[in-house]
Amino acid sequence: MILSRTAKWTLGAVFALVMLFIYVPLLVVVVNSFNVSLTFQWPPPGFTMEWWARAIDNVGVREALLTSVGVALIATTIALVLGTLTAVALTQYAFFGRQSISLLIILPIALPGIVTGVALNTMFTSWLGGLTYLTLVVAHATFCIVVIFNNASARLRRLGGNFVEASMDLGATRTTTFWRVTFPNMRSALVAGAVLAFGLSFDEIIVTTFTAGPGIQTLPLWIFNNLFRPQQAPIVNVVAAALILVSILPLYLAQRLSDDQTGDR
Amino acid sequence: MTTTEAPAGSPAAFLYRHPRARLTGLLALPMTWLVLLYLVPIVLLFVTAFWTTDSFTGNLQRTFTLENFARVLDPSQPFLTTALRTLAVAVSVTVVSIILAVPLSLFLAKIAQPRWRPLLVALVVTPLWASYLVKVYAWRTMLNPEGGFLESTLGFSTGYGWVAVVVVLTYLWLPYMVLPVYVGMQNVPPSLLDASSDLGARSWRTFRSVLLPLVKPAIIAGSVFTFSLSLGDYITVQLVGGKAQMLGNVVYGTFATDLPFAAAIASLTVLIMIGYLAAISRTGALENL
Amino acid sequence: MRFKHVTALGVGIAAASLAVAGCSSSSTSGGGSSAAPSASAYAGPVGEGEGELNVLAWPGYAEDGSTDPKVDWVTPFEKETGCQVNVKSFATSNEAYDLMRKGGYDVVSASGDASLRLVYGGYVQPVNTSLVPNYADIFSGLKDKQWNTVDGVNYGIPHGRGANLLLFNKGENKTEPTSWKDMWESNSPAKGKVSPYDDAIYIADAAVYLMATQPDLGITNPYSLDQTQFDAAIKLLDQQKPLVAEYWADYAKQANGLASGSISQGQGWQLTANVANADGDKVGATKPSEGATGWSDTWMVAKDTKNINCAYKWLDYIVSPKVNAEIAEYFGEAPANEKSCDLTSNEDHCAQFHAKEEDYWTNVYYWTTPTEQCLDGRTDVTCVPYKDWVSAWTTLRSA
Amino acid sequence: MPREEPLSDAIAVQLRGVSKTFGRGDDTVAAVRDVDLDVLDGEFLTLLGPSGSGKTTVLRMIAGFELPTAGTVELAGRDVTDVPPFDRDVNTVFQDYALFPHMTVQQNVEYGLKVKRVPKADRQARAAEALAQVQLAGYANRRPHQLSGGQRQRVALARALVNRPKVLLLDEPLGALDLKLREQMQVELKHIQRLVGITFIFVTHDQEEALTMSDRIAVFDSGRIEQVGTPEEVYEKPGTEFVAGFVGTSNLLRDAAAESVVGRPGIVSIRPEKIRLAEAAAAPGDGEHGVAGTVREVIYLGTGTRFVVDLDVGGSLVVLQQNLHDRGLHPRSEQPVTLLWRTSDEYDLSRSE
């Protein structure tokens, strides 16, 4: 695109400003994780590694982290199966009600989390005997399906139906075709979707609040419970800073994988 | 998975001849899941809004009443105003996100050096992965009118209130707008923009008449996220809203004591969201989510 | 996706819902009646622990070292009994009630405005006090009260009591306030920096202030308000609204504000002041002359607990002299166990919190669930029931 | 083109009353209407027609990708109407080749054998043989995106041939190639077909390609077969006006013009290369017809020149003249001329129907 010099400079400036807007708060979090002051006086009166040391020793954080990873992994796995099945069905078949199904798929993410949370909470507690680890996983899987579905169906649309026909023409049944041809070609899209779904589940707090059983604490729940605890707030900052730093890796990965969609060039 | 050539009577051949059966097989599991574990609870919640509670124990009493909806819609009660305020916040967040995301994506997609692009995009989207709570909390400490980061470095702070809510929600959901808009801009063939320049359009004109219409579906897709996520939020409002309340807070606050009323308020947000989805469904942007 | 699909789905949901709502209109869910359930207490004996216990507690009552590594009563209990404890803390009685109702917790520290609801709702079981050795040492003034005993049946073990105090930032308030007036009156110097409790029960705090300032209303019990009295309280709360910075539900968040000075005065707990003062002496707490609302808490056992042995072990442990003393000091309340007073690290704790002076408690009004039948004994009027308190509070907060 | 060797009479593919409609309710589109077709063993049959004429749908029904709405499909006497593609002894070369991007050339070619569990050694030998057949012996380890268009096309061919199908279906396989390559591939395809002796059913919209390669041609229009015949029959004796127009250049005398020139009403087709240009006053000789007209356009084609002549009696005819050294009359634009042809080169379309 041919842009005037002024336009380029303006856009560059906007970019820089937005980056500032995005990163200053995160920077404050990271700096505060070294802040000596318990109440995060600004500018910091001094710096310390104590909070990082304490965070590493903190049993609550470690357990919450494990819970979160566990929930996110199971939810992502379920979503992978359900999302892929739906994507295959909706991209390869035209049928009455298809539109309604794609609406149903996006509903869990389009309706506000508190509605989903309250609805699931009411059903689980008044009809299905209360909240457990399972109810949390179920809730997370439900809103993760759409992420997998979107990635999978975008890839399937790009792929076209040709490969499936070619494979069947060469003697492979649909099942064989899926595992030998379709799946290998959507693998990178599924991985990108799974990374997104994992992240979504890992950080979810609203639905989680309403669907986690007693005694189950995910990392966001731990953070929520400890955010204002005077002894814990610095550790929360450490956890946050660590999350920010760790998050760059899977994100970069996901980015690379979805760029890969253009594939053969 | 290894399968040999299937004999004519095999299940594979049967399924081939019956696309309906094949489709049913594919959709059975996901649809059962979504209907039983999502649609049914939502419907049940809506049903609950027609019931009432015991005045002492707060337990549900399954007696049909329109009282909860009457109260939500009663103009002398504050809930319609709350709904309007919530709507205003969701719209503001969406509009501000668009205003920020469009130039940002334009810069990323068309100006930034291609080899830097993945890195820059990652930089923009990374905050998505930093914990939601931590980000809100960071803003709470920054906005503190007594000795917060903004007050001590810039000398002023908006304090806690509606402005803070819009700023923080924009901060939270901006990546959800940037991602689709950026992808949308990348998918616009450069030749179209060249053609526009070739036909005599300047940057602004090309942007307005060619680029913007082409990325409109992406913008709308992004707006579903910014709008819906803002519409249902209550934690951000709790932390930086001062005494402000949105619909989400009313649901959260009454859910334990008066579930039918909470359900009626929740139905109101669902209604707003369905209205929004319906309004944008004509654009075909929902396929782009 | 087309418009008609979206609308069709919406209409479908609505139609199905109406059908369901209409069909089941005759049935009533269990526990809604107001008759006390007849259930028998655990006969005992208290045997080997089941290995797990889910505790629902006010923050500060069941600390496991995560707020402050030095404050930990859970770990010794776990070591002693082998019962692995999961603690969930709640911010309001309503939250506690709701969580108990939905199940999954074995024991709960219920205040007076939740305990009876739990009993009548059928969510807790009677407690066999003979299986709790430490019950013998509980102040007699806390035993067999209307919020822990129904028809002579005990439903829990008293834990302690306290008053909801006036908390203030010492920088903003040069002299210690002695009245709630700066939290209520429009000309308040604390305007924009006031922090009330975010729960319907806070209406009682308005009633307490009205008892002192508008005696004509004839309020004698802040939980027993007829419509006129109730309306006056709501009017007062409306008048307070412009003064408010934030309503609080999380005590630590309030502590933050009080310490930084973004909150000048607030209603809250001694614990909150203690937490706010971790960094220096910035926040004071006092019981103003008008009196205050307060709490008297009871440990109760869930009706369908699977961990009955662990639950009884916990009841006994949590009111044992040493632990009860530590909690009372940490939270800032009067302990329930008489022997605790000799074990507090601050020798004067019981004196400071008036554990033994029944007089002090005369103008502390323990949280109680308001009912239509006036609690103050009036029979010529009906009082505003709790449900209407909740709905008035919702309206007030949303306006 | 004369047939070089007699075909056996065995029928490889037989279609009877095959119809296919898409959509339902008001949106119904009939893609194929009541088609009967016999394809002989070892034959090179071309389905020729404009896009949307139903030829690809017929091919897809033979392959098994579509189920006919009505009618039957038989392969070597076996009714396969609703047999799935993976159970049919038929293979397809797709228009865009549909090479699996995640597999090497070798893996692509081996794929069909692999899913039929042919032992590895056998599989590799056959793949190598097939690749050699299409002259890609050294390319086994490349990926499809590393190949040129022509090479991909050959891989697709090898991938299909390696399965030794009874019938090979080719769906406009040369469409994406440039002219030079296309002509080369036409020759090669024909060569391979003769070599392996497999029945080829070839879909194209390019009439020249069809004429060059086929043993027989089935001309499609609007979901129906208009004519089936050898290239010569289809070209020289078009069964319908459509065939006359689609195969070769449409050069028709109709109604009044036909009556005044040929002496009877109807539609008469004369191929452009059969017409001779003469001076304005020239009279037709014995066994010849002649008509007067004015040259409207002269188009130089390299090997020849094309003249568009407006007839005095109405309508126009196209004349194709070889650019020989001694090329006779070479009129300019707007020059009056007479067009002469042998009456035996006339083909009366109205009579053949």
# chains A, B, ... in the order shown; residues from 1 in each chain; ligands from 1

$ interface_residues --of "chain C" --to "chain A" --cutoff "7 Å" --atoms "only C-alpha atoms" --output "VMD selection string"
chain C and resid 1 5 54 67 to 68 86 to 88 102 to 105 252 to 253 275

$ residues_around --residues "range 248-251 of chain B" --least-positions-apart "6" --cutoff "9 Å" --atoms "only C-alpha atoms" --output "VMD selection string"
(chain A and resid 112 114 to 115 118) or (chain B and resid 79 82 86 231 to 235 237 to 238 259 261 to 266 269) or (chain C and resid 394 397 to 398)

$ select_by_dssp --residues "range 17-202 of chain C" --states "strand (DSSP E or B)" --output "MDAnalysis selection string"
chainID C and resid 52:57 64 72 84:89 107:110 124:125 138 149:150 153:154 157:163 165:169 194:195 197

$ write_last_selection --atoms "N, CA and C atoms" --output "compact mmCIF listing (two decimals), in the first residue's frame"
# COMPACT_ATOMS: atom_id res chain seq x y z
N GLU C 52 -10.35 -36.10 55.13
CA GLU C 52 -10.61 -34.86 54.40
C GLU C 52 -11.64 -34.03 55.14
N LEU C 53 -11.54 -32.68 55.00
CA LEU C 53 -12.54 -31.81 55.61
C LEU C 53 -12.61 -30.53 54.79
N ASN C 54 -13.83 -30.19 54.35
CA ASN C 54 -14.01 -28.94 53.61
C ASN C 54 -14.63 -27.89 54.53
N VAL C 55 -13.87 -26.84 54.75
CA VAL C 55 -14.24 -25.83 55.74
C VAL C 55 -14.65 -24.55 55.05
N LEU C 56 -15.78 -24.02 55.46
CA LEU C 56 -16.26 -22.75 54.93
C LEU C 56 -16.18 -21.77 56.09
N ALA C 57 -15.33 -20.74 55.94
CA ALA C 57 -15.07 -19.90 57.11
C ALA C 57 -14.96 -18.44 56.77
N ASP C 64 -4.48 -20.94 57.00
CA ASP C 64 -3.60 -22.07 56.73
C ASP C 64 -2.19 -21.62 56.37
N ASP C 72 -1.25 -19.90 61.18
CA ASP C 72 -1.61 -21.20 60.61
C ASP C 72 -2.17 -22.13 61.68
N GLN C 84 -7.25 -33.80 55.85
CA GLN C 84 -6.74 -32.79 54.94
C GLN C 84 -7.79 -31.69 54.81
N VAL C 85 -7.41 -30.44 55.14
CA VAL C 85 -8.42 -29.38 55.20
C VAL C 85 -8.37 -28.50 53.95
N ASN C 86 -9.53 -28.31 53.32
CA ASN C 86 -9.65 -27.30 52.25
C ASN C 86 -10.46 -26.16 52.81
N VAL C 87 -9.89 -24.96 52.79
CA VAL C 87 -10.60 -23.82 53.36
C VAL C 87 -11.11 -22.93 52.24
N LYS C 88 -12.38 -22.59 52.34
CA LYS C 88 -12.93 -21.58 51.43
C LYS C 88 -13.42 -20.45 52.32
N SER C 89 -12.93 -19.24 52.06
CA SER C 89 -13.42 -18.13 52.87
C SER C 89 -14.50 -17.38 52.10
N VAL C 107 -18.12 -28.20 57.35
CA VAL C 107 -18.39 -27.33 58.49
C VAL C 107 -18.37 -25.88 58.04
N VAL C 108 -19.08 -25.02 58.79
CA VAL C 108 -19.16 -23.62 58.43
C VAL C 108 -19.17 -22.78 59.70
N SER C 109 -18.51 -21.60 59.63
CA SER C 109 -18.60 -20.66 60.74
C SER C 109 -19.69 -19.66 60.38
N ALA C 110 -20.89 -19.90 60.94
CA ALA C 110 -22.04 -19.10 60.52
C ALA C 110 -22.34 -18.01 61.53
N VAL C 124 -28.02 -28.00 57.87
CA VAL C 124 -27.08 -28.37 58.93
C VAL C 124 -27.76 -29.36 59.87
N GLN C 125 -26.94 -30.08 60.60
CA GLN C 125 -27.49 -31.08 61.52
C GLN C 125 -27.25 -30.64 62.96
N ILE C 138 -17.02 -23.10 77.16
CA ILE C 138 -17.58 -21.95 76.44
C ILE C 138 -18.33 -21.06 77.43
N THR C 149 -29.48 -22.37 68.79
CA THR C 149 -30.28 -23.43 69.41
C THR C 149 -31.74 -23.24 69.02
N VAL C 150 -32.37 -24.30 68.54
CA VAL C 150 -33.77 -24.23 68.17
C VAL C 150 -34.53 -25.31 68.95
N VAL C 153 -32.59 -27.72 70.93
CA VAL C 153 -31.59 -28.56 70.25
C VAL C 153 -30.42 -27.69 69.80
N ASN C 154 -29.21 -28.07 70.17
CA ASN C 154 -28.03 -27.30 69.78
C ASN C 154 -27.66 -27.61 68.34
N ILE C 157 -21.38 -24.99 67.77
CA ILE C 157 -20.48 -24.62 68.86
C ILE C 157 -20.12 -23.14 68.70
N PRO C 158 -20.39 -22.30 69.72
CA PRO C 158 -20.06 -20.87 69.60
C PRO C 158 -18.55 -20.69 69.41
N HIS C 159 -18.22 -19.72 68.59
CA HIS C 159 -16.82 -19.53 68.22
C HIS C 159 -16.25 -18.25 68.84
N GLY C 160 -17.10 -17.20 68.88
CA GLY C 160 -16.61 -15.92 69.37
C GLY C 160 -17.57 -14.85 68.96
N ARG C 161 -17.31 -13.64 69.39
CA ARG C 161 -18.20 -12.56 69.00
C ARG C 161 -17.41 -11.28 68.86
N GLY C 162 -18.00 -10.35 68.17
CA GLY C 162 -17.30 -9.09 67.97
C GLY C 162 -18.28 -8.05 67.46
N ALA C 163 -17.78 -6.82 67.36
CA ALA C 163 -18.62 -5.73 66.88
C ALA C 163 -18.06 -5.24 65.55
N LEU C 165 -16.87 -2.40 63.76
CA LEU C 165 -16.34 -1.15 64.31
C LEU C 165 -16.27 -0.05 63.27
N LEU C 166 -16.08 1.15 63.77
CA LEU C 166 -15.79 2.28 62.90
C LEU C 166 -14.27 2.30 62.69
N LEU C 167 -13.85 2.09 61.47
CA LEU C 167 -12.42 2.11 61.14
C LEU C 167 -12.10 3.46 60.52
N PHE C 168 -10.94 3.98 60.83
CA PHE C 168 -10.61 5.31 60.27
C PHE C 168 -9.12 5.45 60.01
N ASN C 169 -8.83 6.20 58.98
CA ASN C 169 -7.43 6.51 58.66
C ASN C 169 -6.99 7.64 59.56
N VAL C 194 -15.84 7.21 52.09
CA VAL C 194 -16.50 6.38 53.08
C VAL C 194 -16.65 4.97 52.52
N SER C 195 -16.53 3.99 53.39
CA SER C 195 -16.59 2.60 52.92
C SER C 195 -17.53 1.74 53.76
N TYR C 197 -20.25 -1.58 54.36
CA TYR C 197 -20.22 -3.03 54.07
C TYR C 197 -21.20 -3.32 52.94

$ interface_residues --of "chain D" --to "chain B" --cutoff "9 Å" --atoms "only C-alpha atoms" --output "list in words"
Leu67, Asp82, Val83, Pro84, Pro85, Phe86, Asp87, Lys114, Val115, Lys116 and Arg117 of chain D

$ select_by_dssp --residues "range 44-273 of chain B" --states "alpha helix (DSSP H)" --output "PyMOL selection string"
chain B and resi 44-48+67-73+79-106+117-125+132-143+149-153+162-186+190-198+203-206+212-231+235-240+247-254+259-273

$ closest_residue --among "D:Ser269, D:Gln322, D:Ser350, D:Thr212" --to "Arg182 in chain D" --atoms "only C-alpha atoms"
D:Thr212

$ interface_residues --of "chain B" --to "chain C" --cutoff "8 Å" --atoms "only C-alpha atoms" --output "number ranges by chain"
B: 43-44, 46-48, 50-51, 54-64, 77-79, 81-82, 144-147, 242-246, 250, 253-254, 256-258, 274, 277-279, 281-282, 284, 286-287

$ write_last_selection --atoms "C-alpha atoms" --output "PDB file, in the first residue's frame"
ATOM      1  CA  VAL B  43     -32.832 -22.447  29.334  1.00  0.00           C
ATOM      2  CA  LEU B  44     -33.152 -23.568  32.955  1.00  0.00           C
ATOM      3  CA  PHE B  46     -34.303 -18.461  32.003  1.00  0.00           C
ATOM      4  CA  VAL B  47     -37.007 -20.672  33.500  1.00  0.00           C
ATOM      5  CA  THR B  48     -35.769 -19.829  36.974  1.00  0.00           C
ATOM      6  CA  PHE B  50     -40.195 -17.055  36.352  1.00  0.00           C
ATOM      7  CA  TRP B  51     -39.983 -18.508  39.843  1.00  0.00           C
ATOM      8  CA  ASP B  54     -38.829 -18.193  50.101  1.00  0.00           C
ATOM      9  CA  SER B  55     -38.635 -14.919  52.016  1.00  0.00           C
ATOM     10  CA  PHE B  56     -36.694 -16.418  54.918  1.00  0.00           C
ATOM     11  CA  THR B  57     -34.430 -19.134  53.577  1.00  0.00           C
ATOM     12  CA  GLY B  58     -34.108 -17.734  50.078  1.00  0.00           C
ATOM     13  CA  ASN B  59     -34.835 -21.175  48.654  1.00  0.00           C
ATOM     14  CA  LEU B  60     -36.411 -21.497  45.233  1.00  0.00           C
ATOM     15  CA  GLN B  61     -40.165 -21.829  45.087  1.00  0.00           C
ATOM     16  CA  ARG B  62     -41.374 -23.098  41.783  1.00  0.00           C
ATOM     17  CA  THR B  63     -44.418 -20.933  41.487  1.00  0.00           C
ATOM     18  CA  PHE B  64     -44.900 -19.113  38.228  1.00  0.00           C
ATOM     19  CA  GLN B  77     -36.382   0.733  39.705  1.00  0.00           C
ATOM     20  CA  PRO B  78     -32.769   1.403  38.724  1.00  0.00           C
ATOM     21  CA  PHE B  79     -32.183  -1.702  36.629  1.00  0.00           C
ATOM     22  CA  THR B  81     -30.658   2.517  33.910  1.00  0.00           C
ATOM     23  CA  THR B  82     -28.021   0.006  34.957  1.00  0.00           C
ATOM     24  CA  ASN B 144      -5.111   4.743  43.199  1.00  0.00           C
ATOM     25  CA  PRO B 145      -5.856   8.438  43.801  1.00  0.00           C
ATOM     26  CA  GLU B 146      -3.602   8.377  46.852  1.00  0.00           C
ATOM     27  CA  GLY B 147      -0.046   7.622  45.776  1.00  0.00           C
ATOM     28  CA  GLY B 242     -15.618   2.523  42.856  1.00  0.00           C
ATOM     29  CA  LYS B 243     -19.255   2.180  43.750  1.00  0.00           C
ATOM     30  CA  ALA B 244     -20.286   1.762  40.109  1.00  0.00           C
ATOM     31  CA  GLN B 245     -22.314  -1.316  39.217  1.00  0.00           C
ATOM     32  CA  MET B 246     -22.973  -3.019  35.919  1.00  0.00           C
ATOM     33  CA  VAL B 250     -26.242  -7.150  39.982  1.00  0.00           C
ATOM     34  CA  GLY B 253     -24.753  -9.713  44.024  1.00  0.00           C
ATOM     35  CA  THR B 254     -28.197 -11.279  43.909  1.00  0.00           C
ATOM     36  CA  ALA B 256     -26.861 -16.119  46.176  1.00  0.00           C
ATOM     37  CA  THR B 257     -29.929 -14.540  47.761  1.00  0.00           C
ATOM     38  CA  ASP B 258     -32.413 -14.189  44.943  1.00  0.00           C
ATOM     39  CA  ILE B 274     -28.667 -11.895  21.093  1.00  0.00           C
ATOM     40  CA  LEU B 277     -25.532 -10.974  17.338  1.00  0.00           C
ATOM     41  CA  ALA B 278     -28.709 -10.626  15.302  1.00  0.00           C
ATOM     42  CA  ALA B 279     -27.764  -7.110  14.251  1.00  0.00           C
ATOM     43  CA  SER B 281     -25.403 -11.585  11.651  1.00  0.00           C
ATOM     44  CA  ARG B 282     -26.341  -9.982   8.349  1.00  0.00           C
ATOM     45  CA  GLY B 284     -21.562 -12.543   7.793  1.00  0.00           C
ATOM     46  CA  LEU B 286     -19.911 -14.482  12.612  1.00  0.00           C
ATOM     47  CA  GLU B 287     -18.208 -16.862  10.216  1.00  0.00           C
TER      48      GLU B 287
END

$ interface_residues --of "chain B" --to "chain A" --cutoff "7 Å" --atoms "only C-alpha atoms" --output "PyMOL selection string"
chain B and resi 1-3+5+12+23+26-27+29-30+41-42+45+103-104+107+110+118+122+126+129-134+138-139+147-149+152+171+190+193-194+197+203+224-225+228-229+231-232+248+266+270+273+289

$ interface_residues --of "chain D" --to "chain A" --cutoff "8 Å" --atoms "only C-alpha atoms" --output "ChimeraX atom specification"
/D:63,65,85-88,90-92,94,98-102,111-112,115-116,145,160,163

$ decode --residues "range 108-127 of chain D" --atoms "N, CA and C atoms" --output "mmCIF file, in the first residue's frame"
data_model
loop_
_atom_site.group_PDB
_atom_site.id
_atom_site.type_symbol
_atom_site.label_atom_id
_atom_site.label_comp_id
_atom_site.auth_asym_id
_atom_site.auth_seq_id
_atom_site.Cartn_x
_atom_site.Cartn_y
_atom_site.Cartn_z
ATOM 1 N N ASN D 108 3.028 -40.123 -1.894
ATOM 2 C CA ASN D 108 1.798 -39.870 -2.617
ATOM 3 C C ASN D 108 1.462 -41.040 -3.529
ATOM 4 N N VAL D 109 2.481 -41.495 -4.271
ATOM 5 C CA VAL D 109 2.247 -42.565 -5.239
ATOM 6 C C VAL D 109 1.940 -43.871 -4.525
ATOM 7 N N GLU D 110 2.600 -44.095 -3.386
ATOM 8 C CA GLU D 110 2.387 -45.344 -2.653
ATOM 9 C C GLU D 110 1.067 -45.383 -1.906
ATOM 10 N N TYR D 111 0.455 -44.217 -1.737
ATOM 11 C CA TYR D 111 -0.686 -44.095 -0.833
ATOM 12 C C TYR D 111 -1.776 -45.132 -1.088
ATOM 13 N N GLY D 112 -2.183 -45.233 -2.353
ATOM 14 C CA GLY D 112 -3.285 -46.133 -2.682
ATOM 15 C C GLY D 112 -2.938 -47.582 -2.373
ATOM 16 N N LEU D 113 -1.667 -47.944 -2.594
ATOM 17 C CA LEU D 113 -1.238 -49.314 -2.323
ATOM 18 C C LEU D 113 -1.180 -49.542 -0.827
ATOM 19 N N LYS D 114 -0.774 -48.483 -0.121
ATOM 20 C CA LYS D 114 -0.617 -48.610 1.311
ATOM 21 C C LYS D 114 -1.965 -48.873 1.981
ATOM 22 N N VAL D 115 -2.991 -48.102 1.578
ATOM 23 C CA VAL D 115 -4.280 -48.306 2.228
ATOM 24 C C VAL D 115 -4.881 -49.649 1.829
ATOM 25 N N LYS D 116 -4.365 -50.247 0.748
ATOM 26 C CA LYS D 116 -4.836 -51.594 0.396
ATOM 27 C C LYS D 116 -3.889 -52.643 0.930
ATOM 28 N N ARG D 117 -2.965 -52.224 1.754
ATOM 29 C CA ARG D 117 -2.036 -53.118 2.445
ATOM 30 C C ARG D 117 -1.201 -53.971 1.504
ATOM 31 N N VAL D 118 -0.734 -53.359 0.444
ATOM 32 C CA VAL D 118 0.224 -54.058 -0.420
ATOM 33 C C VAL D 118 1.549 -54.077 0.340
ATOM 34 N N PRO D 119 2.234 -55.216 0.363
ATOM 35 C CA PRO D 119 3.506 -55.295 1.112
ATOM 36 C C PRO D 119 4.502 -54.228 0.636
ATOM 37 N N LYS D 120 5.362 -53.829 1.571
ATOM 38 C CA LYS D 120 6.210 -52.688 1.336
ATOM 39 C C LYS D 120 7.093 -52.821 0.095
ATOM 40 N N ALA D 121 7.730 -53.942 -0.032
ATOM 41 C CA ALA D 121 8.679 -54.115 -1.142
ATOM 42 C C ALA D 121 7.957 -53.982 -2.490
ATOM 43 N N ASP D 122 6.825 -54.655 -2.564
ATOM 44 C CA ASP D 122 6.002 -54.624 -3.764
ATOM 45 C C ASP D 122 5.564 -53.203 -4.082
ATOM 46 N N ARG D 123 5.158 -52.533 -2.989
ATOM 47 C CA ARG D 123 4.658 -51.165 -3.082
ATOM 48 C C ARG D 123 5.717 -50.243 -3.678
ATOM 49 N N GLN D 124 6.930 -50.388 -3.138
ATOM 50 C CA GLN D 124 8.003 -49.498 -3.580
ATOM 51 C C GLN D 124 8.352 -49.759 -5.038
ATOM 52 N N ALA D 125 8.377 -51.047 -5.382
ATOM 53 C CA ALA D 125 8.723 -51.394 -6.757
ATOM 54 C C ALA D 125 7.703 -50.805 -7.726
ATOM 55 N N ARG D 126 6.420 -50.966 -7.364
ATOM 56 C CA ARG D 126 5.390 -50.478 -8.267
ATOM 57 C C ARG D 126 5.401 -48.954 -8.373
ATOM 58 N N ALA D 127 5.669 -48.295 -7.235
ATOM 59 C CA ALA D 127 5.728 -46.837 -7.268
ATOM 60 C C ALA D 127 6.865 -46.367 -8.157
#
